[in-house]
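Q: Input file: work-v5.tsv. Contents: TSV, C-alpha atoms.
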chain	number	residue	atom	x	y	z
X	1	MET	CA	35.85	9.73	-16.26
X	2	ASN	CA	35.50	6.61	-14.11
X	3	SER	CA	34.78	3.26	-15.73
X	4	ALA	CA	31.20	2.01	-15.92
X	5	VAL	CA	29.76	0.21	-12.91
X	6	MET	CA	28.16	-2.80	-14.57
X	7	GLU	CA	27.46	-4.98	-11.53
X	8	THR	CA	27.84	-5.16	-7.79
X	9	ASN	CA	28.53	-8.01	-5.42
X	10	LEU	CA	27.90	-6.84	-1.86
X	11	PRO	CA	27.91	-9.02	1.29
X	12	LEU	CA	24.22	-8.31	1.87
X	13	ALA	CA	21.20	-10.59	1.87
X	14	GLY	CA	18.55	-10.92	-0.80
X	15	ALA	CA	20.67	-9.96	-3.78
X	16	ARG	CA	18.81	-9.72	-7.07
X	17	ARG	CA	19.41	-7.97	-10.34
X	18	GLY	CA	17.06	-6.08	-12.63
X	19	LYS	CA	17.79	-4.75	-16.07
X	20	VAL	CA	19.59	-1.69	-14.74
X	21	ARG	CA	19.44	-1.89	-10.94
X	22	ASP	CA	20.94	-4.23	-8.35
X	23	LEU	CA	18.89	-4.73	-5.19
X	24	TYR	CA	19.73	-5.99	-1.71
X	25	GLU	CA	18.04	-6.33	1.64
X	26	CYS	CA	19.57	-3.68	3.91
X	27	PRO	CA	18.67	-2.21	7.30
X	28	LEU	CA	17.76	1.46	7.32
X	29	PRO	CA	19.54	3.97	9.59
X	30	ASP	CA	16.73	3.58	12.16
X	31	GLY	CA	17.30	-0.19	12.28
X	32	THR	CA	14.15	-1.23	10.42
X	33	ASP	CA	14.25	-3.50	7.38
X	34	GLY	CA	14.90	-1.69	4.14
X	35	LEU	CA	15.85	-2.12	0.51
X	36	LEU	CA	19.09	-0.98	-1.11
X	37	ILE	CA	18.69	0.02	-4.76
X	38	ILE	CA	21.86	0.57	-6.78
X	39	ALA	CA	21.62	2.21	-10.19
X	40	THR	CA	24.38	0.65	-12.27
X	41	ASP	CA	25.59	2.01	-15.59
X	42	ARG	CA	23.97	-0.83	-17.53
X	43	VAL	CA	21.85	0.15	-20.52
X	44	SER	CA	18.65	-1.68	-21.38
X	45	ALA	CA	17.07	-1.15	-24.79
X	46	PHE	CA	14.26	-3.18	-26.33
X	47	ASP	CA	14.36	-5.14	-23.06
X	48	VAL	CA	17.90	-6.33	-23.78
X	49	VAL	CA	20.76	-5.39	-21.46
X	50	LEU	CA	23.62	-4.22	-23.66
X	51	GLU	CA	27.22	-5.24	-23.07
X	52	THR	CA	28.38	-1.61	-23.04
X	53	GLY	CA	27.57	0.67	-20.11
X	54	VAL	CA	27.41	4.46	-19.93
X	55	PRO	CA	29.82	5.55	-17.16
X	56	GLY	CA	28.05	7.75	-14.63
X	57	LYS	CA	24.56	7.07	-15.96
X	58	GLY	CA	23.48	5.47	-12.69
X	59	VAL	CA	24.55	8.57	-10.76
X	60	VAL	CA	22.45	10.79	-13.02
X	61	LEU	CA	19.41	8.52	-12.59
X	62	THR	CA	19.76	8.44	-8.80
X	63	GLN	CA	20.37	12.13	-8.34
X	64	LEU	CA	17.53	13.10	-10.64
X	65	SER	CA	15.15	10.76	-8.80
X	66	ARG	CA	16.38	12.23	-5.51
X	67	PHE	CA	15.56	15.70	-6.82
X	68	TRP	CA	12.04	14.71	-7.87
X	69	PHE	CA	11.24	12.77	-4.68
X	70	SER	CA	12.11	15.93	-2.76
X	71	HIS	CA	10.18	18.11	-5.21
X	72	PHE	CA	7.00	16.05	-4.74
X	73	GLU	CA	7.40	15.50	-0.99
X	74	ASP	CA	4.35	17.60	-0.15
X	75	LEU	CA	2.17	15.88	-2.74
X	76	LEU	CA	2.53	12.21	-1.84
X	77	THR	CA	4.51	9.67	0.16
X	78	HIS	CA	7.57	7.99	-1.34
X	79	HIS	CA	9.97	5.25	-0.33
X	80	LEU	CA	13.33	7.09	-0.34
X	81	VAL	CA	15.16	7.34	3.01
X	82	SER	CA	18.82	8.02	2.14
X	83	CYS	CA	21.16	8.39	-0.85
X	84	ASP	CA	24.33	8.22	1.28
X	85	SER	CA	26.43	5.08	0.79
X	86	ASN	CA	27.86	5.64	4.29
X	87	ASP	CA	24.50	4.41	5.57
X	88	ILE	CA	25.13	0.93	4.11
X	89	PRO	CA	26.45	-1.38	6.85
X	90	GLY	CA	29.06	-4.10	6.36
X	91	ILE	CA	30.77	-2.94	3.16
X	92	SER	CA	34.30	-1.69	2.55
X	93	ASP	CA	35.34	1.94	2.22
X	94	GLU	CA	36.27	1.14	-1.39
X	95	GLU	CA	32.74	-0.06	-2.12
X	96	ARG	CA	31.24	2.98	-0.37
X	97	ALA	CA	33.26	5.28	-2.58
X	98	ARG	CA	32.37	3.30	-5.71
X	99	LEU	CA	28.66	3.46	-4.88
X	100	GLN	CA	28.44	7.05	-3.68
X	101	GLY	CA	25.85	8.98	-5.65
X	102	ARG	CA	24.15	5.94	-7.17
X	103	ILE	CA	22.33	4.31	-4.23
X	104	MET	CA	18.93	4.70	-2.64
X	105	LEU	CA	18.09	3.22	0.74
X	106	CYS	CA	14.34	2.77	0.74
X	107	ARG	CA	11.46	1.54	2.81
X	108	LYS	CA	10.32	-1.91	1.78
X	109	THR	CA	7.00	-2.09	0.00
X	110	ARG	CA	4.86	-4.63	-1.74
X	111	VAL	CA	5.30	-3.55	-5.34
X	112	LEU	CA	2.04	-3.19	-7.23
X	113	PRO	CA	2.29	-5.36	-10.37
X	114	VAL	CA	1.36	-2.71	-12.96
X	115	GLU	CA	3.55	0.00	-14.43
X	116	CYS	CA	1.74	3.32	-14.61
X	117	VAL	CA	2.40	5.19	-17.86
X	118	ALA	CA	1.29	8.72	-18.66
X	119	ARG	CA	1.38	9.88	-22.29
X	120	GLY	CA	1.05	13.51	-23.28
X	121	TYR	CA	2.33	12.92	-26.81
X	122	ILE	CA	1.80	10.06	-29.24
X	123	THR	CA	5.12	8.34	-29.80
X	124	GLY	CA	7.01	5.09	-29.19
X	125	SER	CA	4.93	1.97	-28.60
X	126	GLY	CA	1.82	4.12	-28.22
X	127	TYR	CA	2.24	5.46	-31.74
X	128	LYS	CA	2.78	1.94	-33.06
X	129	ASP	CA	-0.44	0.81	-31.35
X	130	TYR	CA	-2.27	3.82	-32.77
X	131	MET	CA	-1.07	3.16	-36.31
X	132	ARG	CA	-2.21	-0.45	-36.03
X	133	THR	CA	-5.53	0.00	-34.23
X	134	GLY	CA	-6.39	3.70	-33.99
X	135	ALA	CA	-6.17	3.37	-30.21
X	136	VAL	CA	-3.65	3.17	-27.36
X	137	CYS	CA	-4.35	0.61	-24.65
X	138	GLY	CA	-7.95	0.49	-25.84
X	139	ILE	CA	-8.39	4.28	-25.78
X	140	GLU	CA	-9.68	5.49	-29.13
X	141	LEU	CA	-7.84	8.55	-30.48
X	142	PRO	CA	-8.68	11.04	-33.24
X	143	LYS	CA	-7.76	10.06	-36.76
X	144	GLY	CA	-4.83	11.66	-38.54
X	145	LEU	CA	-2.37	11.95	-35.67
X	146	VAL	CA	1.29	11.82	-36.63
X	147	ASN	CA	4.36	10.72	-34.72
X	148	SER	CA	5.07	13.04	-31.75
X	149	ASP	CA	1.74	14.89	-31.92
X	150	ARG	CA	0.60	16.45	-28.66
X	151	LEU	CA	-2.50	14.86	-27.16
X	152	ASP	CA	-5.23	17.23	-26.01
X	153	THR	CA	-5.72	15.12	-22.88
X	154	PRO	CA	-2.87	13.03	-21.43
X	155	LEU	CA	-3.57	9.30	-21.28
X	156	PHE	CA	-3.14	6.79	-18.48
X	157	THR	CA	-1.87	3.67	-20.25
X	158	PRO	CA	-0.83	0.93	-17.83
X	159	SER	CA	1.43	-1.96	-18.69
X	160	THR	CA	2.48	-5.25	-17.20
X	161	LYS	CA	5.76	-5.44	-15.31
X	162	ALA	CA	8.38	-7.84	-16.64
X	163	GLU	CA	11.69	-8.66	-14.93
X	164	THR	CA	12.81	-10.12	-18.25
X	165	GLY	CA	11.32	-9.85	-21.69
X	166	HIS	CA	8.82	-7.25	-22.83
X	167	ASP	CA	6.36	-5.21	-20.82
X	168	GLU	CA	2.94	-5.33	-22.47
X	169	ASN	CA	0.49	-2.45	-22.75
X	170	ILE	CA	-2.87	-3.29	-21.17
X	171	SER	CA	-6.23	-1.56	-20.92
X	172	PHE	CA	-7.52	0.15	-17.79
X	173	ALA	CA	-10.03	-2.68	-17.40
X	174	GLU	CA	-7.22	-5.24	-17.43
X	175	ALA	CA	-5.29	-3.19	-14.86
X	176	ALA	CA	-8.40	-3.08	-12.67
X	177	GLU	CA	-8.63	-6.88	-12.83
X	178	VAL	CA	-5.09	-7.10	-11.45
X	179	LEU	CA	-5.24	-4.26	-8.92
X	180	GLY	CA	-8.92	-3.89	-8.12
X	181	GLU	CA	-11.08	-1.06	-9.46
X	182	LYS	CA	-10.44	1.32	-6.56
X	183	MET	CA	-6.66	0.96	-6.66
X	184	ALA	CA	-6.57	1.27	-10.45
X	185	GLU	CA	-8.55	4.52	-10.23
X	186	ARG	CA	-6.21	5.80	-7.53
X	187	LEU	CA	-3.09	5.00	-9.56
X	188	SER	CA	-4.57	6.61	-12.65
X	189	SER	CA	-5.26	9.80	-10.70
X	190	LEU	CA	-1.78	9.85	-9.13
X	191	THR	CA	-0.06	9.12	-12.43
X	192	LEU	CA	-1.82	11.85	-14.38
X	193	GLY	CA	-1.42	14.35	-11.55
X	194	LEU	CA	2.31	13.72	-11.27
X	195	TYR	CA	2.71	13.84	-15.02
X	196	ALA	CA	0.93	17.20	-15.24
X	197	ALA	CA	3.12	18.66	-12.49
X	198	GLY	CA	6.31	17.31	-14.08
X	199	ARG	CA	5.26	18.41	-17.58
X	200	ASP	CA	4.59	21.97	-16.42
X	201	TYR	CA	7.84	22.17	-14.45
X	202	ALA	CA	9.91	20.81	-17.35
X	203	GLY	CA	8.12	23.04	-19.84
X	204	GLU	CA	9.23	26.12	-17.93
X	205	ARG	CA	12.79	24.90	-18.46
X	206	GLY	CA	12.55	24.31	-22.19
X	207	ILE	CA	11.90	20.57	-22.03
X	208	ILE	CA	8.88	18.65	-23.30
X	209	LEU	CA	8.01	15.68	-21.08
X	210	ALA	CA	6.43	13.50	-23.74
X	211	ASP	CA	5.64	10.50	-21.56
X	212	THR	CA	6.80	8.78	-18.41
X	213	LYS	CA	6.22	5.74	-16.25
X	214	PHE	CA	5.88	5.33	-12.50
X	215	GLU	CA	5.87	2.44	-10.11
X	216	PHE	CA	3.96	2.30	-6.86
X	217	GLY	CA	4.02	0.07	-3.82
X	218	VAL	CA	2.19	-0.25	-0.53
X	219	LEU	CA	3.53	-0.53	2.99
X	220	GLU	CA	2.58	-3.54	5.09
X	221	ASP	CA	0.61	-1.44	7.56
X	222	ALA	CA	-1.17	0.63	4.87
X	223	PRO	CA	-2.15	-1.76	2.04
X	224	ASP	CA	-4.65	0.67	0.51
X	225	GLU	CA	-2.32	3.70	0.28
X	226	PRO	CA	0.06	3.58	-2.71
X	227	ILE	CA	3.42	5.30	-2.34
X	228	LEU	CA	5.80	6.33	-5.10
X	229	ILE	CA	8.79	3.99	-5.57
X	230	ASP	CA	11.60	3.20	-8.02
X	231	GLU	CA	12.69	6.17	-10.18
X	232	VAL	CA	10.96	9.44	-11.08
X	233	PHE	CA	11.21	11.47	-14.30
X	234	THR	CA	14.61	10.14	-15.32
X	235	PRO	CA	15.93	9.69	-18.86
X	236	ASP	CA	15.39	5.95	-18.42
X	237	SER	CA	11.72	6.26	-17.42
X	238	SER	CA	10.70	9.29	-19.49
X	239	ARG	CA	10.97	10.85	-22.91
X	240	PHE	CA	12.46	14.34	-22.73
X	241	TRP	CA	12.53	16.50	-25.87
X	242	PRO	CA	14.01	19.99	-26.36
X	243	ALA	CA	10.96	22.21	-26.77
X	244	ASP	CA	12.59	24.47	-29.35
X	245	ASP	CA	13.23	21.51	-31.67
X	246	TRP	CA	9.85	19.78	-31.42
X	247	GLU	CA	8.32	19.03	-34.81
X	248	PRO	CA	5.44	16.54	-35.13
X	249	GLY	CA	5.72	14.00	-37.91
X	250	ARG	CA	9.21	12.70	-37.12
X	251	GLU	CA	11.33	11.22	-34.37
X	252	GLN	CA	12.49	13.93	-31.98
X	253	GLN	CA	15.91	14.75	-30.67
X	254	SER	CA	15.91	13.53	-27.09
X	255	TYR	CA	17.60	13.79	-23.72
X	256	ASP	CA	16.89	10.15	-22.97
X	257	LYS	CA	17.89	6.68	-24.10
X	258	GLN	CA	15.87	7.04	-27.30
X	259	TYR	CA	19.23	8.11	-28.74
X	260	VAL	CA	20.54	4.61	-28.02
X	261	ARG	CA	17.37	3.02	-29.42
X	262	ASN	CA	17.75	5.02	-32.64
X	263	HIS	CA	21.34	3.82	-33.04
X	264	LEU	CA	20.27	0.22	-32.47
X	265	GLU	CA	17.43	0.56	-34.99
X	266	THR	CA	20.03	1.34	-37.66
X	267	LEU	CA	21.71	-1.99	-36.84
X	268	VAL	CA	18.36	-3.76	-37.12
X	269	THR	CA	17.68	-2.11	-40.47
X	270	VAL	CA	20.91	-3.43	-42.00
X	271	GLY	CA	20.49	-6.87	-40.42
X	272	ASP	CA	23.30	-6.61	-37.84
X	273	TRP	CA	20.98	-7.23	-34.87
X	274	ASP	CA	17.54	-8.73	-34.33
X	275	LYS	CA	16.64	-7.20	-30.91
X	276	THR	CA	17.45	-10.40	-29.05
X	277	PRO	CA	20.27	-11.05	-26.55
X	278	PRO	CA	23.14	-10.55	-26.58
X	279	GLY	CA	22.97	-6.85	-27.28
X	280	PRO	CA	25.61	-5.30	-29.54
X	281	PRO	CA	28.41	-3.11	-28.17
X	282	LEU	CA	27.89	0.65	-28.32
X	283	PRO	CA	30.46	2.83	-30.11
X	284	GLY	CA	32.30	5.37	-27.99
X	285	ASP	CA	30.55	8.35	-29.56
X	286	VAL	CA	27.11	6.87	-28.81
X	287	VAL	CA	28.15	6.30	-25.18
X	288	GLN	CA	29.45	9.86	-24.79
X	289	ASN	CA	26.54	11.48	-26.58
X	290	THR	CA	24.07	9.52	-24.45
X	291	LEU	CA	25.76	10.65	-21.25
X	292	ASP	CA	25.88	14.24	-22.49
X	293	ARG	CA	22.13	14.15	-23.07
X	294	TYR	CA	21.48	12.73	-19.59
X	295	LEU	CA	23.64	15.42	-18.02
X	296	GLU	CA	21.96	18.17	-20.03
X	297	ALA	CA	18.54	16.97	-18.87
X	298	TYR	CA	19.78	16.98	-15.28
X	299	ARG	CA	21.21	20.49	-15.62
X	300	ARG	CA	18.08	21.91	-17.18
X	301	LEU	CA	15.70	20.29	-14.73
X	302	THR	CA	17.62	20.92	-11.50
X	303	GLY	CA	19.55	24.07	-12.37
X	304	GLU	CA	22.75	22.34	-11.23
X	305	SER	CA	25.59	20.43	-12.86
X	306	LEU	CA	26.83	16.97	-11.93
X	307	ASP	CA	30.57	16.40	-11.69
X	308	LEU	CA	31.25	12.81	-12.72
Using structure tokens, write down the structure from this file.

A:
Amino acid sequence: MNSAVMETNLPLAGARRGKVRDLYECPLPDGTDGLLIIATDRVSAFDVVLETGVPGKGVVLTQLSRFWFSHFEDLLTHHLVSCDSNDIPGISDEERARLQGRIMLCRKTRVLPVECVARGYITGSGYKDYMRTGAVCGIELPKGLVNSDRLDTPLFTPSTKAETGHDENISFAEAAEVLGEKMAERLSSLTLGLYAAGRDYAGERGIILADTKFEFGVLEDAPDEPILIDEVFTPDSSRFWPADDWEPGREQQSYDKQYVRNHLETLVTVGDWDKTPPGPPLPGDVVQNTLDRYLEAYRRLTGESLDL
């Protein structure tokens, strides 16, 4: 297996780095201005970027997003133009080979400043909110729910977007203050519609899609029409559970980075880490098991295998 790609340093303008992705300004094949998004193998957990990467993780994220963008092409507009590193101008053949499979060349958008979360099951931060308040993002829920219970009606639970630090769950009313009522309603509808389609598709393949998050942007010439951007139904943006192992009342086995979070929680419990930078190194078995789960999710969802 190749070593983890932890960072890039390309001779392109506008370089910036997110928790997992590196971004650059880059012309598209038609000559218009575009955005290059590179999924590295960095791992972010509890909003801390860990010092250990998962080799090939960025390829899985990119190829799974590519699959879903194509799958939803008839439903809504998205930003993806190309996943071929040969379409990146001004870089070496060595860099093209290193980046192949993990890049997306995309149309530039104005990113809408709210993350759109759909929850079909009560777990994670939503479950913590529920245990504390009986509600999630201000939405009252029935009493007596346990961890990983299925919700009768999926919830739209927006959150703030944070380049560093923690995203914060907000109410629909707070999202509407940021986006405007009409746009907030539109994003809620898109989010829940996409979630329902993804949940049904995954369910036919033995996977529970417990929750997921989307990001949307708008093009300069169409400021009222949100388009789907970033990643779609990946193990970094979604919780995937094996349907035949689902049991409410406990943490579930997962095909996503919850496996890493669970390992880190054991370190927190014994006082070896306090969820602040720098993140601890990951043992080799946690790295391999995480990658195996990502690859299994890819295989189940696409019907194909990835050769890393």

Q: Just the residues within 9 Å of Thr157 (chain X), please, counting only C-alpha atoms, with nothing from its chain fewer than 3 positions along; format it as number ranges by chain.

A: X: 115-119, 126, 136-139, 169-172, 188

Q: Would you be able to write out as a PyMOL selection string which residues have an atom within 10 Å of (26.9, 13.3, -21.1) in the file's coordinates, counting only C-alpha atoms?

A: chain X and resi 54-57+60+255+287-298+306+308

Q: Find the residue from X:Trp246, X:Arg205, X:Asn262, X:Phe46 that sits nearest to Asp167 (chain X); use all atoms listed in the file when measuring.

A: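 Among the listed residues, the smallest separation from Asp167 (chain X) belongs to X:Phe46.
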
Q: Work out how far apart CA of Leu28 (chain X) and CA of Ala15 (chain X) are and give it in Å to one decimal.

A: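 Calculated distance between CA of Leu28 (chain X) and CA of Ala15 (chain X) is 16.2 Å.
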
Q: Under the rule that all atoms listed in the file are counted, which of X:Leu179, X:Leu267, X:Leu36, X:Met131 is the nearest residue to Gly14 (chain X)?

A: X:Leu36

Q: Which residue gives the smallest distance to Pro248 (chain X) among X:Ala196, X:Pro281, X:Ser189, X:Ile122, with all atoms listed in the file counted?

A: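 Looking only at the distances to Pro248 (chain X), the closest residue turns out to be X:Ile122.
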
Q: Measuring atom to atom with all atoms listed in the file, identify which of X:Leu209, X:Ala97, X:Leu264, X:Leu190 is nearest to Tyr121 (chain X).

A: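 Counting all atoms listed in the file, the residue closest to Tyr121 (chain X) is X:Leu209.
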
Q: Grab the CA of Pro242 (chain X) to CA of Pro154 (chain X) distance for me, in Å with one decimal place.

A: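 For CA of Pro242 (chain X) relative to CA of Pro154 (chain X), the distance reads 18.9 Å.
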
Q: Rank X:Leu50, X:Ala243, X:Ile91, X:Cys26 by their smallest atom-to-atom distance to Arg199 (chain X), using all atoms listed in the file, and report the top residue only.

A: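 Using all atoms listed in the file, the shortest distance to Arg199 (chain X) belongs to X:Ala243.
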
Q: Export region 19-37 of chain X of the preceding structure, keeping N, CA and C atoms, as a CSV table (one decimal), in the first residue's frame.

A:
chain,number,residue,atom,x,y,z
X,19,LYS,N,-9.7,20.7,7.1
X,19,LYS,CA,-9.3,19.6,8.0
X,19,LYS,C,-8.8,18.4,7.3
X,20,VAL,N,-9.4,18.1,6.1
X,20,VAL,CA,-9.1,16.9,5.4
X,20,VAL,C,-8.7,17.3,3.9
X,21,ARG,N,-9.2,18.3,3.4
X,21,ARG,CA,-9.0,18.7,2.0
X,21,ARG,C,-8.0,19.8,1.8
X,22,ASP,N,-7.2,19.8,0.7
X,22,ASP,CA,-6.5,20.9,0.3
X,22,ASP,C,-7.2,21.5,-1.0
X,23,LEU,N,-7.2,22.8,-1.0
X,23,LEU,CA,-7.9,23.5,-2.1
X,23,LEU,C,-7.0,24.5,-2.8
X,24,TYR,N,-7.2,24.6,-4.1
X,24,TYR,CA,-6.5,25.5,-5.0
X,24,TYR,C,-7.4,26.1,-6.0
X,25,GLU,N,-7.1,27.3,-6.5
X,25,GLU,CA,-7.7,27.9,-7.7
X,25,GLU,C,-7.1,27.1,-8.9
X,26,CYS,N,-8.0,26.8,-9.8
X,26,CYS,CA,-7.5,26.0,-11.0
X,26,CYS,C,-8.5,26.1,-12.1
X,27,PRO,N,-7.9,26.5,-13.3
X,27,PRO,CA,-8.8,26.6,-14.5
X,27,PRO,C,-9.4,25.2,-14.8
X,28,LEU,N,-10.7,25.2,-15.3
X,28,LEU,CA,-11.3,24.0,-15.7
X,28,LEU,C,-10.9,23.7,-17.1
X,29,PRO,N,-11.2,22.5,-17.6
X,29,PRO,CA,-10.8,22.1,-19.0
X,29,PRO,C,-11.4,23.1,-20.1
X,30,ASP,N,-12.5,23.7,-19.8
X,30,ASP,CA,-13.1,24.7,-20.8
X,30,ASP,C,-12.5,26.1,-20.6
X,31,GLY,N,-11.5,26.3,-19.7
X,31,GLY,CA,-10.8,27.5,-19.6
X,31,GLY,C,-11.4,28.5,-18.5
X,32,THR,N,-12.6,28.1,-18.0
X,32,THR,CA,-13.2,29.0,-17.0
X,32,THR,C,-12.5,28.7,-15.6
X,33,ASP,N,-12.7,29.7,-14.7
X,33,ASP,CA,-12.2,29.6,-13.4
X,33,ASP,C,-12.8,28.4,-12.6
X,34,GLY,N,-12.0,27.6,-11.9
X,34,GLY,CA,-12.5,26.5,-11.2
X,34,GLY,C,-11.8,26.4,-9.9
X,35,LEU,N,-12.2,25.3,-9.2
X,35,LEU,CA,-11.6,25.0,-7.8
X,35,LEU,C,-11.1,23.6,-7.9
X,36,LEU,N,-9.9,23.4,-7.4
X,36,LEU,CA,-9.3,22.0,-7.3
X,36,LEU,C,-9.5,21.6,-5.8
X,37,ILE,N,-10.1,20.5,-5.6
X,37,ILE,CA,-10.3,19.9,-4.2
X,37,ILE,C,-9.6,18.6,-4.2
